[in-house]
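Asks: Following this line is upload.cif, made up of mmCIF, C-alpha atoms and all ligand atoms:
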```
data_entry
loop_
_atom_site.group_PDB
_atom_site.id
_atom_site.type_symbol
_atom_site.label_atom_id
_atom_site.label_comp_id
_atom_site.auth_asym_id
_atom_site.auth_seq_id
_atom_site.Cartn_x
_atom_site.Cartn_y
_atom_site.Cartn_z
ATOM 1 C CA MET E 1 24.037 5.051 -38.058
ATOM 2 C CA ILE E 2 22.857 2.607 -35.451
ATOM 3 C CA PRO E 3 19.793 3.764 -33.474
ATOM 4 C CA LYS E 4 20.031 4.110 -29.721
ATOM 5 C CA GLN E 5 18.916 1.295 -27.447
ATOM 6 C CA PRO E 6 15.479 1.843 -25.899
ATOM 7 C CA PRO E 7 15.444 3.296 -22.387
ATOM 8 C CA ARG E 8 15.307 0.723 -19.611
ATOM 9 C CA ASP E 9 11.924 1.389 -18.094
ATOM 10 C CA GLY E 10 9.636 -0.322 -15.695
ATOM 11 C CA GLN E 11 12.169 -1.124 -13.006
ATOM 12 C CA PRO E 12 10.240 -1.532 -9.741
ATOM 13 C CA GLY E 13 11.106 0.636 -6.775
ATOM 14 C CA PHE E 14 12.152 -1.105 -3.581
ATOM 15 C CA LEU E 15 12.394 -0.086 0.060
ATOM 16 C CA TYR E 16 13.106 -2.217 3.098
ATOM 17 C CA LEU E 17 11.320 -0.664 6.054
ATOM 18 C CA PRO E 18 11.726 -3.415 8.655
ATOM 19 C CA PRO E 19 9.914 -5.705 8.933
ATOM 20 C CA TYR E 20 8.272 -4.875 5.598
ATOM 21 C CA ARG E 21 9.421 -4.632 2.013
ATOM 22 C CA ILE E 22 7.633 -2.116 -0.183
ATOM 23 C CA HIS E 23 7.997 -3.140 -3.742
ATOM 24 C CA GLY E 24 6.391 -1.651 -6.812
ATOM 25 C CA LEU E 25 5.880 0.672 -9.719
ATOM 26 C CA SER E 26 4.094 3.973 -9.461
ATOM 27 C CA VAL E 27 3.914 6.879 -11.891
ATOM 28 C CA ALA E 28 0.776 9.045 -12.086
ATOM 29 C CA GLY E 29 -1.406 8.226 -15.080
ATOM 30 C CA GLU E 30 0.846 5.328 -16.144
ATOM 31 C CA HIS E 31 0.672 2.600 -13.533
ATOM 32 C CA THR E 32 0.583 1.950 -9.816
ATOM 33 C CA THR E 33 1.168 -1.480 -8.251
ATOM 34 C CA ILE E 34 2.600 -1.630 -4.745
ATOM 35 C CA THR E 35 3.310 -4.936 -3.020
ATOM 36 C CA VAL E 36 4.004 -5.712 0.616
ATOM 37 C CA PRO E 37 5.218 -9.340 0.387
ATOM 38 C CA GLU E 38 5.244 -9.902 4.156
ATOM 39 C CA LEU E 39 1.487 -9.271 4.295
ATOM 40 C CA GLY E 40 0.616 -10.872 0.955
ATOM 41 C CA VAL E 41 -1.088 -7.690 -0.206
ATOM 42 C CA THR E 42 -0.720 -5.574 -3.323
ATOM 43 C CA PHE E 43 -2.285 -2.140 -3.569
ATOM 44 C CA ASP E 44 -3.643 -1.465 -7.064
ATOM 45 C CA MET E 45 -2.855 -3.309 -10.260
ATOM 46 C CA GLY E 46 -1.776 -0.883 -12.976
ATOM 47 C CA GLN E 47 0.953 -3.240 -14.103
ATOM 48 C CA CYS E 48 1.498 -6.868 -13.215
ATOM 49 C CA THR E 49 4.878 -6.972 -11.499
ATOM 50 C CA ARG E 50 6.554 -10.221 -10.600
ATOM 51 C CA ALA E 51 6.303 -9.419 -6.873
ATOM 52 C CA SER E 52 2.548 -8.832 -7.150
ATOM 53 C CA LEU E 53 1.932 -12.380 -8.388
ATOM 54 C CA SER E 54 2.725 -13.835 -4.996
ATOM 55 C CA SER E 55 0.155 -11.613 -3.263
ATOM 56 C CA ASP E 56 -3.130 -13.403 -2.728
ATOM 57 C CA LEU E 57 -4.973 -10.145 -2.418
ATOM 58 C CA VAL E 58 -5.089 -6.953 -4.459
ATOM 59 C CA ALA E 59 -6.738 -3.958 -2.806
ATOM 60 C CA LEU E 60 -7.946 -1.487 -5.436
ATOM 61 C CA SER E 61 -8.124 2.162 -4.517
ATOM 62 C CA HIS E 62 -10.275 3.098 -7.534
ATOM 63 C CA SER E 63 -10.972 2.170 -11.123
ATOM 64 C CA HIS E 64 -8.753 4.497 -13.168
ATOM 65 C CA MET E 65 -6.791 2.656 -15.861
ATOM 66 C CA ASP E 66 -3.401 3.264 -14.233
ATOM 67 C CA HIS E 67 -4.673 1.326 -11.175
ATOM 68 C CA VAL E 68 -6.744 -1.490 -12.712
ATOM 69 C CA GLY E 69 -5.306 -2.014 -16.216
ATOM 70 C CA ALA E 70 -3.447 -5.219 -15.344
ATOM 71 C CA ILE E 71 -6.159 -7.052 -13.394
ATOM 72 C CA PRO E 72 -7.043 -9.538 -16.171
ATOM 73 C CA TYR E 73 -3.361 -10.215 -16.764
ATOM 74 C CA TRP E 74 -2.714 -10.699 -13.030
ATOM 75 C CA PHE E 75 -5.486 -13.316 -12.750
ATOM 76 C CA SER E 76 -4.283 -14.950 -15.959
ATOM 77 C CA GLN E 77 -0.629 -15.112 -14.867
ATOM 78 C CA ARG E 78 -1.592 -16.494 -11.468
ATOM 79 C CA PHE E 79 -3.666 -19.172 -13.161
ATOM 80 C CA PHE E 80 -0.792 -19.916 -15.578
ATOM 81 C CA GLN E 81 1.597 -20.287 -12.641
ATOM 82 C CA LYS E 82 -0.914 -22.475 -10.778
ATOM 83 C CA LEU E 83 -1.334 -20.014 -7.926
ATOM 84 C CA GLU E 84 -4.781 -20.455 -6.483
ATOM 85 C CA GLY E 85 -7.140 -18.175 -4.670
ATOM 86 C CA GLY E 86 -6.298 -14.664 -5.874
ATOM 87 C CA ARG E 87 -8.817 -12.014 -4.844
ATOM 88 C CA VAL E 88 -9.353 -8.384 -5.770
ATOM 89 C CA LEU E 89 -11.028 -6.100 -3.237
ATOM 90 C CA CYS E 90 -12.694 -2.975 -4.518
ATOM 91 C CA HIS E 91 -15.256 -0.280 -3.854
ATOM 92 C CA PRO E 92 -18.801 -1.720 -4.034
ATOM 93 C CA GLU E 93 -19.527 0.471 -7.071
ATOM 94 C CA GLY E 94 -16.548 -0.987 -8.893
ATOM 95 C CA VAL E 95 -17.507 -4.664 -8.676
ATOM 96 C CA GLU E 96 -20.002 -4.964 -11.500
ATOM 97 C CA PRO E 97 -18.002 -3.088 -14.183
ATOM 98 C CA LEU E 98 -14.859 -5.066 -13.296
ATOM 99 C CA GLN E 99 -16.761 -8.336 -13.518
ATOM 100 C CA ARG E 100 -18.056 -7.308 -16.938
ATOM 101 C CA MET E 101 -14.493 -6.528 -18.027
ATOM 102 C CA LEU E 102 -13.300 -9.955 -16.909
ATOM 103 C CA ALA E 103 -16.293 -11.659 -18.523
ATOM 104 C CA SER E 104 -15.459 -10.066 -21.873
ATOM 105 C CA TRP E 105 -11.936 -11.475 -21.611
ATOM 106 C CA VAL E 106 -13.517 -14.932 -21.685
ATOM 107 C CA ASP E 107 -14.890 -14.097 -25.149
ATOM 108 C CA VAL E 108 -11.617 -12.533 -26.283
ATOM 109 C CA GLU E 109 -9.454 -15.450 -25.171
ATOM 110 C CA ARG E 110 -11.969 -18.239 -25.649
ATOM 111 C CA GLN E 111 -11.014 -19.605 -22.295
ATOM 112 C CA LYS E 112 -12.065 -18.999 -18.763
ATOM 113 C CA THR E 113 -9.648 -17.609 -16.209
ATOM 114 C CA PRO E 114 -10.820 -17.975 -12.611
ATOM 115 C CA HIS E 115 -11.245 -14.648 -10.877
ATOM 116 C CA GLU E 116 -12.778 -13.244 -7.735
ATOM 117 C CA ILE E 117 -13.771 -9.592 -7.338
ATOM 118 C CA ILE E 118 -15.046 -8.746 -3.875
ATOM 119 C CA ALA E 119 -16.750 -5.568 -2.669
ATOM 120 C CA ILE E 120 -15.386 -4.060 0.497
ATOM 121 C CA GLU E 121 -17.700 -1.556 2.141
ATOM 122 C CA PRO E 122 -16.058 1.566 3.523
ATOM 123 C CA ASP E 123 -15.288 1.087 7.244
ATOM 124 C CA SER E 124 -15.396 -2.674 6.999
ATOM 125 C CA ASP E 125 -12.540 -5.165 7.380
ATOM 126 C CA VAL E 126 -11.471 -8.232 5.457
ATOM 127 C CA PRO E 127 -9.309 -10.660 7.469
ATOM 128 C CA LEU E 128 -5.829 -11.357 6.103
ATOM 129 C CA ARG E 129 -4.454 -13.663 8.756
ATOM 130 C CA GLN E 130 -4.856 -14.221 12.466
ATOM 131 C CA ASN E 131 -5.308 -10.841 14.196
ATOM 132 C CA ILE E 132 -4.558 -8.894 11.000
ATOM 133 C CA GLY E 133 -7.123 -7.435 8.636
ATOM 134 C CA ILE E 134 -7.440 -4.813 5.946
ATOM 135 C CA ARG E 135 -9.914 -1.950 6.378
ATOM 136 C CA ALA E 136 -11.317 0.226 3.606
ATOM 137 C CA ILE E 137 -11.694 3.947 4.181
ATOM 138 C CA GLU E 138 -13.713 6.115 1.815
ATOM 139 C CA THR E 139 -11.534 8.769 0.191
ATOM 140 C CA ARG E 140 -12.330 11.497 -2.357
ATOM 141 C CA HIS E 141 -11.207 11.261 -5.951
ATOM 142 C CA THR E 142 -12.870 11.857 -9.339
ATOM 143 C CA CYS E 143 -14.562 8.432 -9.090
ATOM 144 C CA PRO E 144 -15.551 6.205 -6.122
ATOM 145 C CA SER E 145 -12.351 5.611 -4.185
ATOM 146 C CA LEU E 146 -10.921 3.900 -1.126
ATOM 147 C CA GLY E 147 -7.824 4.103 0.998
ATOM 148 C CA PHE E 148 -6.739 1.096 3.052
ATOM 149 C CA SER E 149 -5.198 0.363 6.395
ATOM 150 C CA ILE E 150 -3.787 -3.008 7.388
ATOM 151 C CA ILE E 151 -4.509 -3.360 11.078
ATOM 152 C CA GLU E 152 -3.277 -5.749 13.713
ATOM 153 C CA THR E 153 -5.579 -6.282 16.680
ATOM 154 C CA ARG E 154 -3.912 -7.167 19.972
ATOM 155 C CA HIS E 155 -5.988 -8.773 22.706
ATOM 156 C CA LYS E 156 -4.934 -8.107 26.257
ATOM 157 C CA LEU E 157 -6.506 -9.703 29.302
ATOM 158 C CA LYS E 158 -8.314 -7.128 31.410
ATOM 159 C CA PRO E 159 -6.278 -6.481 34.592
ATOM 160 C CA GLU E 160 -9.148 -7.501 36.900
ATOM 161 C CA TYR E 161 -9.055 -11.040 35.456
ATOM 162 C CA ARG E 162 -5.293 -11.468 35.569
ATOM 163 C CA ASP E 163 -5.264 -13.806 38.606
ATOM 164 C CA LEU E 164 -8.076 -16.100 37.477
ATOM 165 C CA PRO E 165 -7.239 -19.681 36.440
ATOM 166 C CA GLN E 166 -7.317 -20.542 32.723
ATOM 167 C CA SER E 167 -10.346 -22.807 33.138
ATOM 168 C CA GLU E 168 -12.342 -19.940 34.640
ATOM 169 C CA LEU E 169 -11.285 -17.592 31.831
ATOM 170 C CA ARG E 170 -12.303 -20.164 29.225
ATOM 171 C CA ARG E 171 -15.706 -20.512 30.857
ATOM 172 C CA MET E 172 -16.227 -16.743 30.931
ATOM 173 C CA LYS E 173 -15.225 -16.478 27.295
ATOM 174 C CA ALA E 174 -17.655 -19.250 26.364
ATOM 175 C CA ASP E 175 -20.389 -17.337 28.223
ATOM 176 C CA GLY E 176 -19.661 -14.359 26.009
ATOM 177 C CA ASP E 177 -17.955 -12.186 28.637
ATOM 178 C CA GLU E 178 -15.516 -9.576 27.335
ATOM 179 C CA ILE E 179 -12.371 -10.609 29.159
ATOM 180 C CA THR E 180 -9.885 -8.762 26.955
ATOM 181 C CA THR E 181 -9.336 -5.216 25.764
ATOM 182 C CA ASN E 182 -8.559 -4.947 22.065
ATOM 183 C CA THR E 183 -6.005 -2.509 20.733
ATOM 184 C CA GLU E 184 -5.747 -1.756 17.044
ATOM 185 C CA ILE E 185 -2.310 -1.175 15.585
ATOM 186 C CA PRO E 186 -2.369 0.089 12.004
ATOM 187 C CA LEU E 187 0.698 -1.402 10.345
ATOM 188 C CA ILE E 188 0.587 0.020 6.837
ATOM 189 C CA ALA E 189 -1.851 2.495 5.315
ATOM 190 C CA TYR E 190 -2.316 3.373 1.661
ATOM 191 C CA THR E 191 -4.082 6.551 0.569
ATOM 192 C CA GLY E 192 -4.697 5.658 -3.096
ATOM 193 C CA ASP E 193 -5.469 8.622 -5.361
ATOM 194 C CA THR E 194 -7.318 11.148 -3.258
ATOM 195 C CA ASP E 195 -7.985 14.749 -2.491
ATOM 196 C CA ARG E 196 -7.186 16.119 0.934
ATOM 197 C CA GLY E 197 -9.842 15.389 3.566
ATOM 198 C CA ASP E 198 -10.419 14.725 7.270
ATOM 199 C CA PHE E 199 -10.461 11.003 6.526
ATOM 200 C CA LEU E 200 -6.669 11.184 6.129
ATOM 201 C CA GLU E 201 -6.462 12.159 9.782
ATOM 202 C CA ARG E 202 -8.376 9.155 11.089
ATOM 203 C CA ASP E 203 -6.463 6.795 13.380
ATOM 204 C CA GLU E 204 -6.118 4.234 10.573
ATOM 205 C CA PHE E 205 -3.790 6.716 8.884
ATOM 206 C CA ALA E 206 -2.612 8.874 11.783
ATOM 207 C CA LYS E 207 -1.356 5.929 13.825
ATOM 208 C CA ALA E 208 -0.035 3.788 10.981
ATOM 209 C CA ARG E 209 3.621 2.817 11.247
ATOM 210 C CA ILE E 210 4.088 3.162 7.508
ATOM 211 C CA ILE E 211 2.016 5.265 5.118
ATOM 212 C CA VAL E 212 2.190 4.867 1.376
ATOM 213 C CA ALA E 213 0.783 8.140 0.093
ATOM 214 C CA GLU E 214 0.093 9.468 -3.336
ATOM 215 C CA CYS E 215 1.811 12.765 -4.077
ATOM 216 C CA THR E 216 1.044 13.562 -7.690
ATOM 217 C CA PHE E 217 2.220 17.169 -7.607
ATOM 218 C CA VAL E 218 5.309 18.690 -6.070
ATOM 219 C CA ASP E 219 5.735 22.044 -7.833
ATOM 220 C CA ALA E 220 4.505 24.989 -5.724
ATOM 221 C CA ASP E 221 2.563 26.264 -8.776
ATOM 222 C CA HIS E 222 0.601 23.038 -9.111
ATOM 223 C CA ARG E 223 -1.570 23.270 -6.004
ATOM 224 C CA SER E 224 -4.697 24.147 -7.972
ATOM 225 C CA ARG E 225 -4.029 21.300 -10.403
ATOM 226 C CA ALA E 226 -3.935 18.920 -7.449
ATOM 227 C CA ARG E 227 -7.331 20.187 -6.244
ATOM 228 C CA ILE E 228 -8.914 19.937 -9.720
ATOM 229 C CA GLY E 229 -7.665 16.370 -10.278
ATOM 230 C CA ARG E 230 -8.452 15.479 -6.657
ATOM 231 C CA HIS E 231 -4.916 14.526 -5.809
ATOM 232 C CA LEU E 232 -2.502 15.220 -2.998
ATOM 233 C CA HIS E 233 0.176 17.855 -3.363
ATOM 234 C CA PHE E 234 3.517 17.799 -1.562
ATOM 235 C CA ASP E 235 2.288 20.723 0.598
ATOM 236 C CA ASP E 236 -0.613 18.518 1.799
ATOM 237 C CA ILE E 237 1.843 15.802 2.774
ATOM 238 C CA ALA E 238 4.041 18.338 4.584
ATOM 239 C CA GLU E 239 1.013 19.446 6.642
ATOM 240 C CA LEU E 240 -0.175 15.901 7.311
ATOM 241 C CA LEU E 241 3.214 14.956 8.755
ATOM 242 C CA SER E 242 2.297 16.581 12.052
ATOM 243 C CA THR E 243 -0.791 14.318 12.323
ATOM 244 C CA TRP E 244 0.741 11.169 10.876
ATOM 245 C CA GLU E 245 2.834 9.356 13.469
ATOM 246 C CA ALA E 246 4.335 7.068 10.831
ATOM 247 C CA GLU E 247 8.005 6.348 11.049
ATOM 248 C CA HIS E 248 8.062 6.071 7.254
ATOM 249 C CA VAL E 249 6.011 7.888 4.639
ATOM 250 C CA VAL E 250 6.507 6.494 1.154
ATOM 251 C CA LEU E 251 5.500 8.861 -1.618
ATOM 252 C CA VAL E 252 4.176 7.315 -4.813
ATOM 253 C CA HIS E 253 2.224 8.380 -7.917
ATOM 254 C CA LEU E 254 4.479 11.345 -8.707
ATOM 255 C CA SER E 255 3.839 12.682 -12.186
ATOM 256 C CA ARG E 256 6.336 11.698 -14.877
ATOM 257 C CA ARG E 257 7.244 15.378 -15.258
ATOM 258 C CA THR E 258 8.263 15.801 -11.621
ATOM 259 C CA LEU E 259 12.035 15.794 -11.421
ATOM 260 C CA LEU E 260 13.369 13.611 -8.645
ATOM 261 C CA SER E 261 15.901 16.333 -7.875
ATOM 262 C CA GLU E 262 13.042 18.779 -7.288
ATOM 263 C CA ALA E 263 11.195 16.296 -5.076
ATOM 264 C CA ARG E 264 14.371 15.637 -3.095
ATOM 265 C CA GLU E 265 14.858 19.374 -2.625
ATOM 266 C CA ARG E 266 11.316 19.776 -1.306
ATOM 267 C CA ILE E 267 11.842 16.877 1.094
ATOM 268 C CA ALA E 268 15.074 18.454 2.357
ATOM 269 C CA THR E 269 13.125 21.590 3.382
ATOM 270 C CA LEU E 270 11.187 19.500 5.942
ATOM 271 C CA GLY E 271 14.071 19.517 8.432
ATOM 272 C CA ASP E 272 13.859 16.654 10.937
ATOM 273 C CA ASP E 273 10.877 15.155 9.116
ATOM 274 C CA ALA E 274 12.899 14.711 5.921
ATOM 275 C CA ASP E 275 14.267 11.376 7.173
ATOM 276 C CA ARG E 276 10.738 9.984 7.395
ATOM 277 C CA ILE E 277 10.020 10.552 3.710
ATOM 278 C CA HIS E 278 10.944 8.178 0.908
ATOM 279 C CA LEU E 279 10.240 8.295 -2.820
ATOM 280 C CA LEU E 280 9.420 4.774 -4.001
ATOM 281 C CA MET E 281 10.748 5.449 -7.486
ATOM 282 C CA ASP E 282 13.981 7.164 -6.458
ATOM 283 C CA HIS E 283 16.053 4.110 -7.311
ATOM 284 C CA ARG E 284 19.430 5.717 -6.681
ATOM 285 C CA THR E 285 18.641 6.998 -3.175
ATOM 286 C CA ASN E 286 16.862 3.779 -2.233
ATOM 287 C CA ARG E 287 19.731 1.627 -3.473
ATOM 288 C CA ARG E 288 22.159 3.636 -1.364
ATOM 289 C CA ARG E 289 19.878 3.289 1.637
ATOM 290 C CA TYR E 290 19.637 -0.469 1.120
ATOM 291 C CA GLU E 291 23.413 -0.803 0.784
ATOM 292 C CA ALA E 292 23.797 1.049 4.082
ATOM 293 C CA GLN E 293 21.313 -1.398 5.651
ATOM 294 C CA LEU E 294 23.380 -4.317 4.343
ATOM 295 C CA GLU E 295 26.572 -2.757 5.614
ATOM 296 C CA ALA E 296 25.093 -2.192 9.060
ATOM 297 C CA VAL E 297 24.519 -5.934 9.543
ATOM 298 C CA ALA E 298 27.690 -7.145 7.805
ATOM 299 C CA VAL E 299 30.328 -8.790 9.964
ATOM 300 C CA PRO E 300 33.630 -6.918 9.590
ATOM 301 C CA ASP E 301 36.435 -9.029 8.051
ATOM 302 C CA SER E 302 38.790 -8.484 10.958
ATOM 303 C CA GLU E 303 36.329 -9.800 13.549
ATOM 304 C CA PRO E 304 36.936 -13.463 14.406
ATOM 305 C CA ASN E 305 34.079 -15.702 13.417
ATOM 306 C CA ALA E 306 32.065 -16.368 16.551
ATOM 307 C CA GLY E 307 31.151 -19.929 16.200
HETATM 308 ZN ZN ZN E 401 -3.698 7.353 -10.671
HETATM 309 ZN ZN ZN E 402 -6.997 8.272 -10.285
#
```
Mind turning this structure into structure tokens?
Ligand SMILES: [Zn+2]
Ligand SMILES: [Zn+2]

Replies:
Amino acid sequence: MIPKQPPRDGQPGFLYLPPYRIHGLSVAGEHTTITVPELGVTFDMGQCTRASLSSDLVALSHSHMDHVGAIPYWFSQRFFQKLEGGRVLCHPEGVEPLQRMLASWVDVERQKTPHEIIAIEPDSDVPLRQNIGIRAIETRHTCPSLGFSIIETRHKLKPEYRDLPQSELRRMKADGDEITTNTEIPLIAYTGDTDRGDFLERDEFAKARIIVAECTFVDADHRSRARIGRHLHFDDIAELLSTWEAEHVVLVHLSRRTLLSEARERIATLGDDADRIHLLMDHRTNRRRYEAQLEAVAVPDSEPNAG
């Protein structure tokens, strides 16, 4: 008898939530790597996906193996592919142990792979590009942990200065006058592995347009397990939906034993909010959604070509 072929595993989940693609793998305890190509950021590095290699920055939520296991490989692959300047941001307490891990790889491989591990203090920002930065927010897990929010800052001229000539405005700015009001717009937030806490209701999460949230447990009987492991349960997400203004909430880090059918059923009970929720690893639903997006922009055959 011929043995069966191995299961096809490791296919990354994909969602197009305009203008962002959310691309990655995430199963509790196995691996989590979530890339937003448009912002050049990957959250966590449990497995080195192809999409993650083009991110210049990896933001680590915490140091459990399923979130950091592929860091040496990521640096190594980037070096191999001649991609320069990759950085990993992590909790200040995580820097030294990660640097030791990477240093021991030098001995193992007998060659030196360039790497940069940077501490990000809770409540501080690291700039990504003009007017956009990533902010770390302390969360609560079984080890030091961070959530992240990618925030755009918009500068608007104060109304009282609207009629002044440019030269005058430039002079005032040079003198250090505050001539603009700054508004923060959280674009995408990521909870990482975390227990429930007030920090999830801060503006960085509450006002984010997209939230990628861990949801390790779905079963109604697993609430206490969620609390013990310091994870979010589906019931927590359901409650947070009234605070979170996000148009899209992407659930990740479901346990391997959670049936997608069960998760879909729970989502359906949310009524109007159900449309806001996506499961990153629900390939079938997400493929259908993507096909509908393609169809919506397709030019019908019968329509004459305009141009
Ligand atoms: Zn995890
Ligand atoms: Zn964890």

Asks: Which polymer residues have any atom within 12 Å of an atom of Pro18 (chain E), counting all atoms listed in the file, with same-chain residues fewer than 3 positions away left out, as number ranges by chain?

Replies: E: 15, 21-22, 36, 38, 187-188, 209-210, 247-248, 290, 293

Asks: Give me, as a PyMOL selection string, all polymer residues having an atom no more than 7 Å from Pro122 (chain E), counting all atoms listed in the file and skipping those fewer than 6 positions away in the same chain.

Replies: chain E and resi 136-138

Asks: What is the CA of Ala208 (chain E)-CA of Ala246 (chain E) distance in Å, reported with one decimal?

Replies: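 Atom-to-atom, CA of Ala208 (chain E) to CA of Ala246 (chain E), that is 5.5 Å.
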
Asks: Selected by the PyMOL selection byres (((chain E and resi 158) around 9) and not hetatm) in the shown coordinates: which residues, as a PDB file with C-alpha atoms, keeping the file's coordinate frame?

Replies:
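The new file part-v1.pdb reads:
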```pdb
ATOM      1  CA  LYS E 156      -4.934  -8.107  26.257  1.00  0.00           C
ATOM      2  CA  LEU E 157      -6.506  -9.703  29.302  1.00  0.00           C
ATOM      3  CA  PRO E 159      -6.278  -6.481  34.592  1.00  0.00           C
ATOM      4  CA  GLU E 160      -9.148  -7.501  36.900  1.00  0.00           C
ATOM      5  CA  TYR E 161      -9.055 -11.040  35.456  1.00  0.00           C
ATOM      6  CA  ARG E 162      -5.293 -11.468  35.569  1.00  0.00           C
ATOM      7  CA  GLU E 178     -15.516  -9.576  27.335  1.00  0.00           C
ATOM      8  CA  ILE E 179     -12.371 -10.609  29.159  1.00  0.00           C
ATOM      9  CA  THR E 180      -9.885  -8.762  26.955  1.00  0.00           C
ATOM     10  CA  THR E 181      -9.336  -5.216  25.764  1.00  0.00           C
TER      11      THR E 181
END
```

Asks: Could you expand the PyMOL selection byres (((not hetatm)) within 10 of (chain E and resi 401)) into the explicit residues it covers here, written as a ChimeraX atom specification?

Replies: /E:26-32,44,46,61-68,141,192-194,214,216,229,231,252-255

Asks: Create the file for the chosen residues now, containing C-alpha atoms and written as a tab-separated table (two decimals), keeping the file's coordinate frame.

Replies:
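Output (out-v9.tsv):
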```
chain	number	residue	atom	x	y	z
E	26	SER	CA	4.09	3.97	-9.46
E	27	VAL	CA	3.91	6.88	-11.89
E	28	ALA	CA	0.78	9.04	-12.09
E	29	GLY	CA	-1.41	8.23	-15.08
E	30	GLU	CA	0.85	5.33	-16.14
E	31	HIS	CA	0.67	2.60	-13.53
E	32	THR	CA	0.58	1.95	-9.82
E	44	ASP	CA	-3.64	-1.46	-7.06
E	46	GLY	CA	-1.78	-0.88	-12.98
E	61	SER	CA	-8.12	2.16	-4.52
E	62	HIS	CA	-10.28	3.10	-7.53
E	63	SER	CA	-10.97	2.17	-11.12
E	64	HIS	CA	-8.75	4.50	-13.17
E	65	MET	CA	-6.79	2.66	-15.86
E	66	ASP	CA	-3.40	3.26	-14.23
E	67	HIS	CA	-4.67	1.33	-11.18
E	68	VAL	CA	-6.74	-1.49	-12.71
E	141	HIS	CA	-11.21	11.26	-5.95
E	192	GLY	CA	-4.70	5.66	-3.10
E	193	ASP	CA	-5.47	8.62	-5.36
E	194	THR	CA	-7.32	11.15	-3.26
E	214	GLU	CA	0.09	9.47	-3.34
E	216	THR	CA	1.04	13.56	-7.69
E	229	GLY	CA	-7.66	16.37	-10.28
E	231	HIS	CA	-4.92	14.53	-5.81
E	252	VAL	CA	4.18	7.32	-4.81
E	253	HIS	CA	2.22	8.38	-7.92
E	254	LEU	CA	4.48	11.34	-8.71
E	255	SER	CA	3.84	12.68	-12.19
```

Asks: Could you tell me how far CA of Phe148 (chain E) lies from CA of Thr191 (chain E), in Å and to one decimal?

Replies: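 Separation between CA of Phe148 (chain E) and CA of Thr191 (chain E): 6.6 Å.
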
Asks: Counting only C-alpha atoms and all ligand atoms, which residue out of E:Ala174, E:Leu240, E:Cys215, E:Val58 sits closest to ligand ZN 402 (chain E)?

Replies: E:Cys215

Asks: Hey, what comes out of the PyMOL selection byres (((chain E and resi 13) around 8) and not hetatm) on this file? Could you write it as a PyMOL selection string?

Replies: chain E and resi 11-12+14-15+22-25+280-283+286

Asks: Nearest to Leu98 (chain E) among E:Ala296, E:Thr269, E:Gly69, E:Glu84, with distances taken over all atoms listed in the file: which residue is it?

Replies: E:Gly69

Asks: Between E:Glu184, E:Ile132, E:Leu60, E:Phe80, which is the closest to Lys112 (chain E) once you count only C-alpha atoms?

Replies: E:Phe80

Asks: From the set E:Pro19, E:Pro144, E:Pro300, E:Gly94, which residue has the shortest atom-to-atom contact distance to ligand ZN 402 (chain E), counting all atoms listed in the file?

Replies: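 Among the listed residues, E:Pro144 lies closest to ligand ZN 402 (chain E).
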
Asks: Rounded to one decimal, what separation in Å do you get between CA of Phe234 (chain E) and CA of His278 (chain E)?

Replies: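 Going from CA of Phe234 (chain E) over to CA of His278 (chain E), I get 12.4 Å.
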
Asks: Could you check which of E:Ala292, E:Leu146, E:Leu57, E:Leu169 is closest to ligand ZN 402 (chain E), using all atoms listed in the file?

Replies: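 The shortest atom-to-atom distance to ligand ZN 402 (chain E) comes from E:Leu146.
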
Asks: Residues near Leu83 (chain E), anyone? I mean within 10 Å using only C-alpha atoms, not counting same-chain ones fewer than 3 positions away, as a list in words.

Replies: Leu53, Ser54, Ser55, Asp56, Phe75, Ser76, Gln77, Arg78, Phe79, Phe80 and Gly86 of chain E

Asks: Smallest atom-to-atom distance to Tyr20 (chain E): which of E:Asp235, E:Asp219, E:Val41, E:Asp273, using only C-alpha atoms?

Replies: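 The answer is E:Val41, which sits nearest to Tyr20 (chain E).
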
Asks: Could you list, as a count of residues only, every residue within 12 Å of Arg100 (chain E), counting all atoms listed in the file and ignoring same-chain residues fewer than 6 positions away?

Replies: 6
